[in-house]
$ cat start-v2.tsv   # TSV, C-alpha atoms
chain	number	residue	atom	x	y	z
A	1	MET	CA	-29.63	7.48	13.57
A	2	MET	CA	-30.51	4.70	11.14
A	3	ASP	CA	-29.67	7.00	8.20
A	4	ASN	CA	-26.14	7.50	9.54
A	5	LEU	CA	-25.58	3.74	9.84
A	6	THR	CA	-26.96	3.18	6.35
A	7	ALA	CA	-24.66	5.86	4.96
A	8	LEU	CA	-21.65	4.06	6.44
A	9	THR	CA	-22.58	0.58	5.20
A	10	TYR	CA	-21.49	-0.41	1.72
A	11	LEU	CA	-22.65	-3.35	-0.32
A	12	PRO	CA	-20.12	-6.21	-0.42
A	13	GLN	CA	-19.35	-5.57	-4.09
A	14	ASP	CA	-18.60	-1.92	-3.30
A	15	GLN	CA	-16.27	-2.85	-0.46
A	16	LEU	CA	-14.49	-5.44	-2.59
A	17	ASN	CA	-14.10	-2.95	-5.42
A	18	LEU	CA	-12.84	-0.17	-3.11
A	19	ALA	CA	-10.38	-2.47	-1.37
A	20	TYR	CA	-9.13	-3.96	-4.61
A	21	LEU	CA	-8.66	-0.67	-6.45
A	22	HIS	CA	-6.90	0.86	-3.46
A	23	GLU	CA	-4.53	-2.10	-3.16
A	24	VAL	CA	-3.75	-1.91	-6.90
A	25	LEU	CA	-2.71	1.71	-6.36
A	26	GLU	CA	-0.57	0.62	-3.41
A	27	LEU	CA	1.07	-2.11	-5.50
A	28	ASN	CA	1.91	0.37	-8.26
A	29	ARG	CA	3.25	2.86	-5.73
A	30	TYR	CA	5.56	0.28	-4.14
A	31	ARG	CA	6.73	-0.96	-7.54
A	32	GLY	CA	7.62	2.62	-8.44
A	33	LEU	CA	9.44	3.14	-5.14
A	34	ALA	CA	11.37	-0.11	-5.64
A	35	LEU	CA	12.50	1.09	-9.04
A	36	SER	CA	13.28	4.61	-7.80
A	37	PHE	CA	15.58	3.36	-5.04
A	38	LEU	CA	17.26	0.65	-7.14
A	39	PRO	CA	20.37	2.57	-8.30
A	40	PHE	CA	20.87	4.52	-5.03
A	41	ASP	CA	19.98	2.00	-2.32
A	42	PRO	CA	19.30	-1.59	-3.50
A	43	PRO	CA	18.31	-2.87	0.00
A	44	ILE	CA	15.55	-0.22	0.22
A	45	SER	CA	14.52	-1.17	-3.31
A	46	ARG	CA	14.21	-4.81	-2.22
A	47	LEU	CA	12.18	-3.76	0.84
A	48	MET	CA	9.75	-1.80	-1.35
A	49	ASP	CA	9.55	-4.76	-3.72
A	50	ALA	CA	8.77	-7.10	-0.78
A	51	ILE	CA	6.03	-4.76	0.45
A	52	GLY	CA	4.68	-4.70	-3.11
A	53	MET	CA	4.57	-8.50	-3.09
A	54	GLU	CA	2.44	-8.32	0.06
A	55	CYS	CA	0.04	-6.16	-1.96
A	56	VAL	CA	-0.10	-8.92	-4.58
A	57	HIS	CA	-0.99	-11.44	-1.84
A	58	ARG	CA	-3.77	-9.16	-0.59
A	59	LEU	CA	-5.11	-8.76	-4.13
A	60	CYS	CA	-5.15	-12.55	-4.52
A	61	SER	CA	-6.95	-12.84	-1.19
A	62	LEU	CA	-9.59	-10.37	-2.35
A	63	GLN	CA	-9.99	-12.27	-5.62
A	64	GLU	CA	-10.51	-15.52	-3.70
A	65	VAL	CA	-13.10	-14.01	-1.34
A	66	ALA	CA	-14.89	-12.39	-4.28
A	67	ARG	CA	-14.94	-15.72	-6.13
A	68	GLN	CA	-16.39	-17.48	-3.07
A	69	MET	CA	-19.06	-14.78	-2.82
A	70	GLU	CA	-19.71	-15.00	-6.58
A	71	LEU	CA	-18.64	-11.38	-6.99
A	72	GLY	CA	-15.50	-12.00	-9.04
A	73	ALA	CA	-16.30	-9.18	-11.46
A	74	CYS	CA	-15.72	-6.69	-8.62
A	75	VAL	CA	-12.02	-7.55	-8.45
A	76	ASN	CA	-10.90	-7.63	-12.03
A	77	ALA	CA	-7.22	-8.51	-12.42
A	78	ASN	CA	-7.04	-6.09	-15.38
A	79	HIS	CA	-7.07	-3.20	-12.89
A	80	GLN	CA	-3.40	-3.99	-12.23
A	81	LYS	CA	-2.61	-2.41	-15.59
A	82	GLU	CA	-3.14	1.07	-14.13
A	83	PRO	CA	-0.38	3.53	-15.05
A	84	PRO	CA	2.46	3.55	-12.53
A	85	PHE	CA	2.97	6.57	-10.34
A	86	PHE	CA	6.31	7.54	-11.87
A	87	ASN	CA	4.55	9.15	-14.86
A	88	LYS	CA	3.58	11.95	-12.47
A	89	ILE	CA	7.07	12.83	-11.21
A	90	SER	CA	8.39	15.95	-12.85
A	91	LYS	CA	12.14	16.26	-12.19
A	92	HIS	CA	13.73	12.93	-11.27
A	93	PHE	CA	12.44	9.41	-11.17
A	94	PHE	CA	15.45	7.71	-9.62
A	95	VAL	CA	16.67	8.69	-6.18
A	96	VAL	CA	19.68	10.95	-6.79
A	97	ASP	CA	20.60	11.94	-3.23
A	98	GLU	CA	19.75	11.38	0.42
A	99	ASN	CA	17.32	14.32	0.54
A	100	MET	CA	15.24	12.87	-2.25
A	101	GLY	CA	15.37	9.41	-0.66
A	102	GLN	CA	14.28	10.82	2.69
A	103	TYR	CA	11.46	12.72	1.02
A	104	LEU	CA	10.20	9.55	-0.70
A	105	LEU	CA	10.41	7.56	2.53
A	106	VAL	CA	8.46	10.21	4.44
A	107	ASN	CA	5.77	10.17	1.76
A	108	ALA	CA	5.74	6.36	1.68
A	109	GLU	CA	5.15	6.33	5.44
A	110	LYS	CA	2.34	8.91	5.16
A	111	ALA	CA	0.69	6.96	2.33
A	112	ALA	CA	0.94	3.72	4.34
A	113	GLU	CA	-0.70	5.42	7.33
A	114	ALA	CA	-3.52	6.70	5.10
A	115	THR	CA	-3.98	3.22	3.66
A	116	CYS	CA	-4.08	1.71	7.14
A	117	THR	CA	-6.77	4.24	8.07
A	118	PHE	CA	-8.67	3.46	4.87
A	119	PHE	CA	-8.72	-0.30	5.53
A	120	GLY	CA	-9.65	0.38	9.17
A	121	TRP	CA	-12.60	2.39	7.91
A	122	LEU	CA	-13.60	-0.44	5.54
A	123	LEU	CA	-13.43	-2.87	8.46
A	124	GLU	CA	-15.51	-0.62	10.73
A	125	THR	CA	-18.20	-0.13	8.10
A	126	ASN	CA	-18.23	-3.76	6.98
A	127	ALA	CA	-21.54	-5.60	7.30
A	128	THR	CA	-20.51	-8.73	5.37
A	129	PRO	CA	-19.25	-11.63	7.48
A	130	GLU	CA	-17.16	-13.06	4.60
A	131	LEU	CA	-15.18	-9.81	4.40
A	132	HIS	CA	-14.48	-9.42	8.12
A	133	GLN	CA	-11.41	-11.67	8.33
A	134	PRO	CA	-9.69	-10.43	5.16
A	135	LEU	CA	-10.24	-6.78	6.16
A	136	PHE	CA	-9.08	-7.49	9.70
A	137	ASP	CA	-5.94	-9.16	8.32
A	138	PHE	CA	-5.34	-6.22	5.98
A	139	VAL	CA	-5.52	-3.73	8.85
A	140	THR	CA	-3.08	-5.85	10.87
A	141	GLN	CA	-0.70	-6.14	7.91
A	142	LYS	CA	-0.95	-2.45	7.04
A	143	THR	CA	-0.23	-1.50	10.67
A	144	LYS	CA	2.97	-3.58	10.51
A	145	GLU	CA	3.80	-2.05	7.14
A	146	CYS	CA	3.59	1.43	8.72
A	147	LEU	CA	5.96	0.37	11.49
A	148	VAL	CA	8.46	-1.09	9.01
A	149	LEU	CA	8.40	2.06	6.89
A	150	ARG	CA	8.76	4.30	9.96
A	151	GLU	CA	11.75	2.31	11.17
A	152	CYS	CA	13.23	2.33	7.67
A	153	ARG	CA	12.84	6.10	7.40
A	154	GLU	CA	14.27	6.72	10.88
A	155	HIS	CA	17.35	4.61	10.21
A	156	TRP	CA	17.87	5.33	6.53
A	157	GLY	CA	21.07	7.15	5.74
A	158	VAL	CA	22.41	6.75	9.29
A	159	GLY	CA	24.96	4.15	8.23
A	160	SER	CA	25.88	5.98	5.04
A	161	SER	CA	26.39	9.31	6.83
A	162	GLU	CA	28.56	7.61	9.44
A	163	LEU	CA	30.52	6.05	6.58
A	164	SER	CA	31.02	9.43	4.90
A	165	LEU	CA	32.19	10.94	8.20
A	166	ALA	CA	34.78	8.17	8.56
A	167	MET	CA	36.21	8.94	5.12
$ encode --input "start-v2.tsv" --output "structure tokens"
Amino acid sequence: MMDNLTALTYLPQDQLNLAYLHEVLELNRYRGLALSFLPFDPPISRLMDAIGMECVHRLCSLQEVARQMELGACVNANHQKEPPFFNKISKHFFVVDENMGQYLLVNAEKAAEATCTFFGWLLETNATPELHQPLFDFVTQKTKECLVLRECREHWGVGSSELSLAM
């Protein structure tokens, strides 16, 4: 039994590094989504940009906690220079129609749910008191992020399809 608990407990520097690197990936993903939606649906682009800014706040929070714990090297700001996700898209980068937009929103929601699960797992396996509150806050914020993205996906295109029917 003790071996199982040990296997699920990471050192604080490992948790900081995992959380930070994952949030950098999230930031890059939301920046790419903001850019992808910009020509087709600027309000969705602004939403993705706002969610990306929340990632920046979480990264700053992790940097502050790491500094207080004297583990600043675990959350290196240079990680934000990772290549953006749009280098991996083969056909189109910008949203060109509602099907593509819906596809990206579905995937954004799935990725947000996976991230929420990931931070929940980090919280559950956390053994460092200094990390409890930031991880708890991240799980709360990521849960709300999932709800916002779900609502966005469910209502996206409704107004525009009603508008096209009226024409």
$ closest_residue --input "start-v2.tsv" --among "A:Val106, A:Val95, A:Leu147, A:Cys55" --to "Pro42 (chain A)" --atoms "all atoms listed in the file"
A:Val95
$ closest_residue --input "start-v2.tsv" --among "A:Gly157, A:Leu122, A:Pro39, A:Ile51" --to "Asn99 (chain A)" --atoms "all atoms listed in the file"
A:Gly157
$ residues_around --input "start-v2.tsv" --residues "Glu23 (chain A)" --least-positions-apart "4" --cutoff "12 Å" --atoms "all atoms listed in the file" --output "PyMOL selection string"
chain A and resi 16-19+27-30+51-63+75+77+79-80+82+111-112+115-116+118-119+135+138+142
$ atom_distance --input "start-v2.tsv" --atom1 "CA of Gln68 (chain A)" --atom2 "CA of Leu123 (chain A)"
18.8 Å
$ residues_around --input "start-v2.tsv" --residues "Phe94 (chain A)" --least-positions-apart "5" --cutoff "12 Å" --atoms "all atoms listed in the file" --output "list of chain:residue names"
A:Gly32, A:Leu33, A:Ala34, A:Leu35, A:Ser36, A:Phe37, A:Leu38, A:Pro39, A:Phe40, A:Asp41, A:Pro42, A:Ser45, A:Phe86, A:Ile89, A:Met100, A:Gly101, A:Leu104
$ atom_distance --input "start-v2.tsv" --atom1 "CA of Glu64 (chain A)" --atom2 "CA of Leu11 (chain A)"
17.5 Å
$ atom_distance --input "start-v2.tsv" --atom1 "CA of Leu25 (chain A)" --atom2 "CA of Phe136 (chain A)"
19.6 Å
$ closest_residue --input "start-v2.tsv" --among "A:Pro43, A:Glu109, A:Gly72, A:Gln15" --to "Glu151 (chain A)" --atoms "all atoms listed in the file"
A:Glu109
$ residues_around --input "start-v2.tsv" --residues "Leu149 (chain A)" --least-positions-apart "5" --cutoff "10 Å" --atoms "only C-alpha atoms" --output "compact mmCIF listing (two decimals) with C-alpha atoms, in the frame of the given file"
# COMPACT_ATOMS: atom_id res chain seq x y z
CA LEU A 47 12.18 -3.76 0.84
CA MET A 48 9.75 -1.80 -1.35
CA ILE A 51 6.03 -4.76 0.45
CA LEU A 105 10.41 7.56 2.53
CA VAL A 106 8.46 10.21 4.44
CA ASN A 107 5.77 10.17 1.76
CA ALA A 108 5.74 6.36 1.68
CA GLU A 109 5.15 6.33 5.44
CA LYS A 110 2.34 8.91 5.16
CA ALA A 112 0.94 3.72 4.34
CA GLU A 113 -0.70 5.42 7.33
CA LYS A 144 2.97 -3.58 10.51
CA GLU A 154 14.27 6.72 10.88
CA HIS A 155 17.35 4.61 10.21
$ closest_residue --input "start-v2.tsv" --among "A:Arg153, A:Trp121, A:Tyr20, A:Asp14" --to "Asn76 (chain A)" --atoms "all atoms listed in the file"
A:Tyr20
